[in-house]
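In what follows, a structure is listed as structure tokens, so that the remarks can point back to it.
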Number of protein chains: 2
Amino acid sequence: MSMKILSKTLITVIEEELKKQVARLDEPHTQLYYEMLTYHMGWTGKDASEKVTGKRIRPLLVLLAASASGGDWQKVLPAAAAIELIHNFSLLHDDIQDNSETRRGRPTAWTIWGVAQAINAGDGMFILANMAMGDLAKDHPNETVLKGERIFQEACLNLTRGQHLDIDYEKRTNIDVADYWKMIGGKTATLIAASLELGALFGGANADLRLAYRDFGHYLGLAFQVQDDILGIWGDEAITGKSAASDLLEGKKSLPVLFGLEKGGGFAKRWQQGTLTEAEVPQLAKMLELEGARQMAQQAADQMTDLSLNALRQADPQGKAGDELFALAKRLLNRDA
Amino acid sequence: MSMKILSKTLITVIEEELKKQVARLDEPHTQLYYEMLTYHMGWTGKDASEKVTGKRIRPLLVLLAASASGGDWQKVLPAAAAIELIHNFSLLHDDIQDNSETRRGRPTAWTIWGVAQAINAGDGMFILANMAMGDLAKDHPNETVLKGERIFQEACLNLTRGQHLDIDYEKRTNIDVADYWKMIGGKTATLIAASLELGALFGGANADLRLAYRDFGHYLGLAFQVQDDILGIWGDEAITGKSAASDLLEGKKSLPVLFGLEKGGGFAKRWQQGTLTEAEVPQLAKMLELEGARQMAQQAADQMTDLSLNALRQADPQGKAGDELFALAKRLLNRDA
């Protein structure tokens, strides 16, 4: 995947800012605590490298939106760091909640230091994110900082609303498509929407443009998640890096599955009889496709993609950052020309 | 225990403010999430009553400090709520981390809804606390709100530092008295210190008085914890409501135990051989006392108590709230006349 020039610079600077923010815990008697966070961020420990840090897409969106709104991205770095720290707070807790033993090919924090310490490490990551937001007062009026914090906190609360629903849905059998949108609206879209909105706010966009940026992020998040759901069932293993159709094996109630269940055909009948075996998966994926679920999901993804790109056009992003925002969005949405 | 007139009023109003803050989650599709929080707060579910809400000491300290600094406590209610929500966030996660099945006689949240949901409920409580802090902008200058938030976030980070050490110490055998002070400085004292400092800040105290209030809270927290440690070994079951000497049975590295271990006498020898049995506990408690640990711990508690009350005198609290602050401190420190 190609990345544009400005974005490459930003990714480097974001990493420095993140290191600075996390270094608040770099003290003699809490070295182990600090180590848990730097390990999770991909900077230290076994197999630490640029390959395991994650893509830092959200903070990149913050800075591009700030610059495309006419602002100085250097003065918005703490907001970018705050968003990425929140994302990583949620991953730390998510790994415990999902009982996931690896992330990006490395053992998760709780498998190394135990559940108790990993909960606490996530809490710490969350607090560091809040502290980063406070740093914005250095370069922005107090009123703007407080407004940004409100946007930020609301996004965090939405994130936990989505997480609550996600955990709850695992046990429930009566989930429908409407429930799905509520869940991913919180779990996936809210933080991406907040990334764009904060970038625009601290970049100096007016209220209308700021909300257009937010909508862009919201639909970008939804479209991206639906794409991910499609790949999770029909994706090429070589592209996704995970076993194709693994979502079916895990029993994940993703959008295509919910379409299939609403349809009530052969797929639904088999699904309701209990966990699929690995051998059945290709056949069930095919059945689900024949029943129209793939097409319906693709239509939903296309619709969200259109809404997203329309909102971005409305936001009218300027300059090189504007070009890179469009390019990044299209890349994330598989709309590369 | 008697409570003064103003404090009684404040406790009632604090509860209303807390309910208002938590109601941010009172929405149709997150009722279960909301229920987890109201259950933990003692408002709903099995055996919900005033007896299980906790004493709300921290928010009371916030409001008394605000009023005793010449401020209007009604305008400081969101800070009081924020402090109590943070306290309850830490309890929700603490119960998971310690594997505690009951709190105040009721099943803990994780035993009812599972670890995954209880982690998320704690995260939500934390975010609600941050949102409450933002509400202070209604009645206070933006600059003061941002300053208050910095104090608040620093206290939260310290809380997790203390929690980190507490979890870490459980496994380690080489803990000494210096480690102990670091741990309870974060885990117990920091939030009480922040309660007083925030009350003073939003009550309009100048910087000197504000720091005196903070010191009062810091030493109050330390003294209270050491008292609790003493009661945990030599307390009267009738007073503490828990089995006397239960800390010894649990192997808790409290201050008297650490004194005993540094002494290296008969107590230390037995302790190092492994978990005590219930039958041994009275004898070991006696041995620890004869080796001087109880007296040393009491001296430490007395010293912290003196430092606390001296700082409160320096803070020069005014009016009825000032009187009640002294009375509350003495009650908490067992220095009732």
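Each chain of the structure tokens is named A, B, ... in the order shown, its residues numbered from 1; ligands are numbered from 1 in display order.
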
Next on the checklist: Show me, as a PyMOL selection string, the residues of chain A whose atoms get within 7 Å of chain B, using only C-alpha atoms for the distance check.
Outcome noted: chain A and resi 30+33+97+116-117+120+124+127+131+142-143+153+156-157+160-161+164+167

Dump as a PDB file, in the first residue's frame, selection limited to N, CA and C atoms:
```pdb
ATOM      1  N   THR A  30       8.080   2.715  38.876  1.00  0.00           N
ATOM      2  CA  THR A  30       6.992   2.108  38.093  1.00  0.00           C
ATOM      3  C   THR A  30       7.494   1.671  36.716  1.00  0.00           C
ATOM      4  N   TYR A  33       5.347  -1.061  35.109  1.00  0.00           N
ATOM      5  CA  TYR A  33       4.089  -0.485  34.611  1.00  0.00           C
ATOM      6  C   TYR A  33       4.343   0.177  33.249  1.00  0.00           C
ATOM      7  N   GLN A  97     -11.113  -9.034  27.418  1.00  0.00           N
ATOM      8  CA  GLN A  97     -12.544  -9.334  27.299  1.00  0.00           C
ATOM      9  C   GLN A  97     -12.815 -10.459  26.299  1.00  0.00           C
ATOM     10  N   ALA A 116      -5.000  -8.841  36.022  1.00  0.00           N
ATOM     11  CA  ALA A 116      -5.063  -7.692  36.943  1.00  0.00           C
ATOM     12  C   ALA A 116      -4.180  -6.549  36.449  1.00  0.00           C
ATOM     13  N   GLN A 117      -2.939  -6.852  36.104  1.00  0.00           N
ATOM     14  CA  GLN A 117      -2.028  -5.805  35.636  1.00  0.00           C
ATOM     15  C   GLN A 117      -2.456  -5.265  34.267  1.00  0.00           C
ATOM     16  N   ASN A 120      -5.134  -2.743  34.651  1.00  0.00           N
ATOM     17  CA  ASN A 120      -4.545  -1.502  35.145  1.00  0.00           C
ATOM     18  C   ASN A 120      -3.753  -0.770  34.059  1.00  0.00           C
ATOM     19  N   GLY A 124      -4.365   2.988  32.748  1.00  0.00           N
ATOM     20  CA  GLY A 124      -3.304   3.990  32.637  1.00  0.00           C
ATOM     21  C   GLY A 124      -3.265   4.614  31.251  1.00  0.00           C
ATOM     22  N   ILE A 127      -5.899   7.220  30.998  1.00  0.00           N
ATOM     23  CA  ILE A 127      -5.586   8.464  31.715  1.00  0.00           C
ATOM     24  C   ILE A 127      -4.556   9.274  30.934  1.00  0.00           C
ATOM     25  N   MET A 131      -4.703  13.155  29.657  1.00  0.00           N
ATOM     26  CA  MET A 131      -3.651  14.134  29.935  1.00  0.00           C
ATOM     27  C   MET A 131      -3.148  14.771  28.632  1.00  0.00           C
ATOM     28  N   ASN A 142      -8.618  28.177  25.779  1.00  0.00           N
ATOM     29  CA  ASN A 142      -9.191  27.256  26.769  1.00  0.00           C
ATOM     30  C   ASN A 142     -10.568  26.749  26.342  1.00  0.00           C
ATOM     31  N   GLU A 143     -11.345  27.639  25.744  1.00  0.00           N
ATOM     32  CA  GLU A 143     -12.701  27.249  25.359  1.00  0.00           C
ATOM     33  C   GLU A 143     -12.671  26.127  24.318  1.00  0.00           C
ATOM     34  N   GLN A 153     -14.692  12.944  25.210  1.00  0.00           N
ATOM     35  CA  GLN A 153     -15.331  12.118  26.241  1.00  0.00           C
ATOM     36  C   GLN A 153     -16.583  11.432  25.702  1.00  0.00           C
ATOM     37  N   CYS A 156     -15.518   8.515  23.801  1.00  0.00           N
ATOM     38  CA  CYS A 156     -15.089   7.428  24.691  1.00  0.00           C
ATOM     39  C   CYS A 156     -16.296   6.688  25.254  1.00  0.00           C
ATOM     40  N   LEU A 157     -17.306   7.445  25.659  1.00  0.00           N
ATOM     41  CA  LEU A 157     -18.495   6.799  26.230  1.00  0.00           C
ATOM     42  C   LEU A 157     -19.190   5.948  25.162  1.00  0.00           C
ATOM     43  N   THR A 160     -17.484   2.658  24.751  1.00  0.00           N
ATOM     44  CA  THR A 160     -17.842   1.642  25.757  1.00  0.00           C
ATOM     45  C   THR A 160     -19.280   1.165  25.568  1.00  0.00           C
ATOM     46  N   ARG A 161     -20.141   2.023  25.022  1.00  0.00           N
ATOM     47  CA  ARG A 161     -21.499   1.563  24.688  1.00  0.00           C
ATOM     48  C   ARG A 161     -21.412   0.452  23.633  1.00  0.00           C
ATOM     49  N   HIS A 164     -19.990  -2.664  25.152  1.00  0.00           N
ATOM     50  CA  HIS A 164     -21.027  -3.331  25.955  1.00  0.00           C
ATOM     51  C   HIS A 164     -21.933  -4.183  25.064  1.00  0.00           C
ATOM     52  N   ILE A 167     -20.136  -7.360  23.611  1.00  0.00           N
ATOM     53  CA  ILE A 167     -20.025  -8.459  24.581  1.00  0.00           C
ATOM     54  C   ILE A 167     -21.396  -9.096  24.798  1.00  0.00           C
TER      55      ILE A 167
END
```

Item to check | Those in segment 47-274 of chain B with strand (DSSP E) from DSSP, as a ChimeraX atom specification | outcome: /B:102-103,106-107

Item to check | Residues within 12 Å of segment 6-11 of chain A, only C-alpha atoms, excluding chain neighbours under 3 positions, as a ChimeraX atom specification | outcome: /A:2-3,14-18,50,53-68,73-74,76-77,80-81,84,319-325,327-328

Can I get the selected residues back with C-alpha atoms, as a PDB file, in the first residue's frame?
```
ATOM      1  CA  SER A   2       1.410   3.337  -0.986  1.00  0.00           C
ATOM      2  CA  MET A   3       1.473   6.223   1.411  1.00  0.00           C
ATOM      3  CA  ILE A  14       2.956  10.870  15.684  1.00  0.00           C
ATOM      4  CA  GLU A  15       5.166   8.079  17.011  1.00  0.00           C
ATOM      5  CA  GLU A  16       7.431  10.609  18.721  1.00  0.00           C
ATOM      6  CA  GLU A  17       4.470  12.383  20.282  1.00  0.00           C
ATOM      7  CA  LEU A  18       3.053   9.069  21.516  1.00  0.00           C
ATOM      8  CA  GLU A  50       7.384  -0.825  13.236  1.00  0.00           C
ATOM      9  CA  THR A  53       2.756  -0.840  16.258  1.00  0.00           C
ATOM     10  CA  GLY A  54      -0.459  -0.768  14.271  1.00  0.00           C
ATOM     11  CA  LYS A  55      -1.017   1.619  11.401  1.00  0.00           C
ATOM     12  CA  ARG A  56      -1.781   4.765  13.420  1.00  0.00           C
ATOM     13  CA  ILE A  57      -4.600   5.549  10.964  1.00  0.00           C
ATOM     14  CA  ARG A  58      -6.688   7.456  13.522  1.00  0.00           C
ATOM     15  CA  PRO A  59      -4.029   9.980  14.581  1.00  0.00           C
ATOM     16  CA  LEU A  60      -3.113  10.399  10.924  1.00  0.00           C
ATOM     17  CA  LEU A  61      -6.725  11.335  10.211  1.00  0.00           C
ATOM     18  CA  VAL A  62      -6.612  13.869  13.068  1.00  0.00           C
ATOM     19  CA  LEU A  63      -3.565  15.636  11.647  1.00  0.00           C
ATOM     20  CA  LEU A  64      -4.685  15.526   8.012  1.00  0.00           C
ATOM     21  CA  ALA A  65      -8.063  17.014   8.976  1.00  0.00           C
ATOM     22  CA  ALA A  66      -6.325  19.738  10.990  1.00  0.00           C
ATOM     23  CA  SER A  67      -4.038  20.649   8.125  1.00  0.00           C
ATOM     24  CA  ALA A  68      -6.787  20.360   5.479  1.00  0.00           C
ATOM     25  CA  TRP A  73      -0.843  20.092  12.427  1.00  0.00           C
ATOM     26  CA  GLN A  74       2.081  20.469  14.797  1.00  0.00           C
ATOM     27  CA  VAL A  76      -2.735  19.320  17.080  1.00  0.00           C
ATOM     28  CA  LEU A  77      -0.299  16.507  17.864  1.00  0.00           C
ATOM     29  CA  ALA A  80      -3.708  12.809  17.625  1.00  0.00           C
ATOM     30  CA  ALA A  81      -1.849  11.068  20.441  1.00  0.00           C
ATOM     31  CA  GLU A  84      -4.396   6.674  19.443  1.00  0.00           C
ATOM     32  CA  GLY A 319      -4.066  21.578   0.037  1.00  0.00           C
ATOM     33  CA  LYS A 320      -1.822  18.573   0.133  1.00  0.00           C
ATOM     34  CA  ALA A 321      -3.479  17.262   3.301  1.00  0.00           C
ATOM     35  CA  GLY A 322      -6.828  17.413   1.537  1.00  0.00           C
ATOM     36  CA  ASP A 323      -5.521  15.334  -1.361  1.00  0.00           C
ATOM     37  CA  GLU A 324      -4.075  12.807   1.061  1.00  0.00           C
ATOM     38  CA  LEU A 325      -7.337  12.593   2.992  1.00  0.00           C
ATOM     39  CA  ALA A 327      -6.419   9.157  -1.091  1.00  0.00           C
ATOM     40  CA  LEU A 328      -6.369   7.615   2.370  1.00  0.00           C
TER      41      LEU A 328
END
```

Next on the checklist: Given only C-alpha atoms as the basis, pick out the residue of B:Ala82, B:Asp72, B:Glu250, B:Thr102 nearest to Val22 of chain B.
Outcome noted: B:Ala82

Checklist entry - So which residues touch Ala205 of chain A within 8 Å, counting only C-alpha atoms, skipping near sequence neighbours fewer than 4 positions away, as a count of residues only? => result 6

Checklist entry - segment 107-146 of chain B: which residues are alpha helix (DSSP H) by DSSP, as an NGL selection string? => result :B and (109-134 or 142-146)

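Proximity to Leu284 of chain A was assessed for A:Pro256, A:Gly185, A:Gly266, A:Gly232 counting only C-alpha atoms; the smallest distance is recorded for A:Gly266.
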
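From atom CA of Ser246 of chain A back to atom CA of Val52 of chain A, the distance works out to 21.4 Å.
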
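In this comparison, which uses only C-alpha atoms, the residue of B:Ala207, B:Val281, B:Leu309, B:Ala223 approaching Asp247 of chain B most closely is B:Val281.
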
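You will find atom CA of Glu197 of chain B at 12.7 Å from atom CA of Pro317 of chain B.
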
Next on the checklist: At a cut-off of 12 Å, using only C-alpha atoms, what residues contact Lys51 of chain A? Leave out same-chain residues fewer than 2 positions from it and give the result as a list in words.
Outcome noted: Met41, Gly42, Trp43, Asp47, Ala48, Ser49, Thr53, Gly54, Lys55, Arg56, Arg103, Arg104, Gly105 and Arg106 of chain A
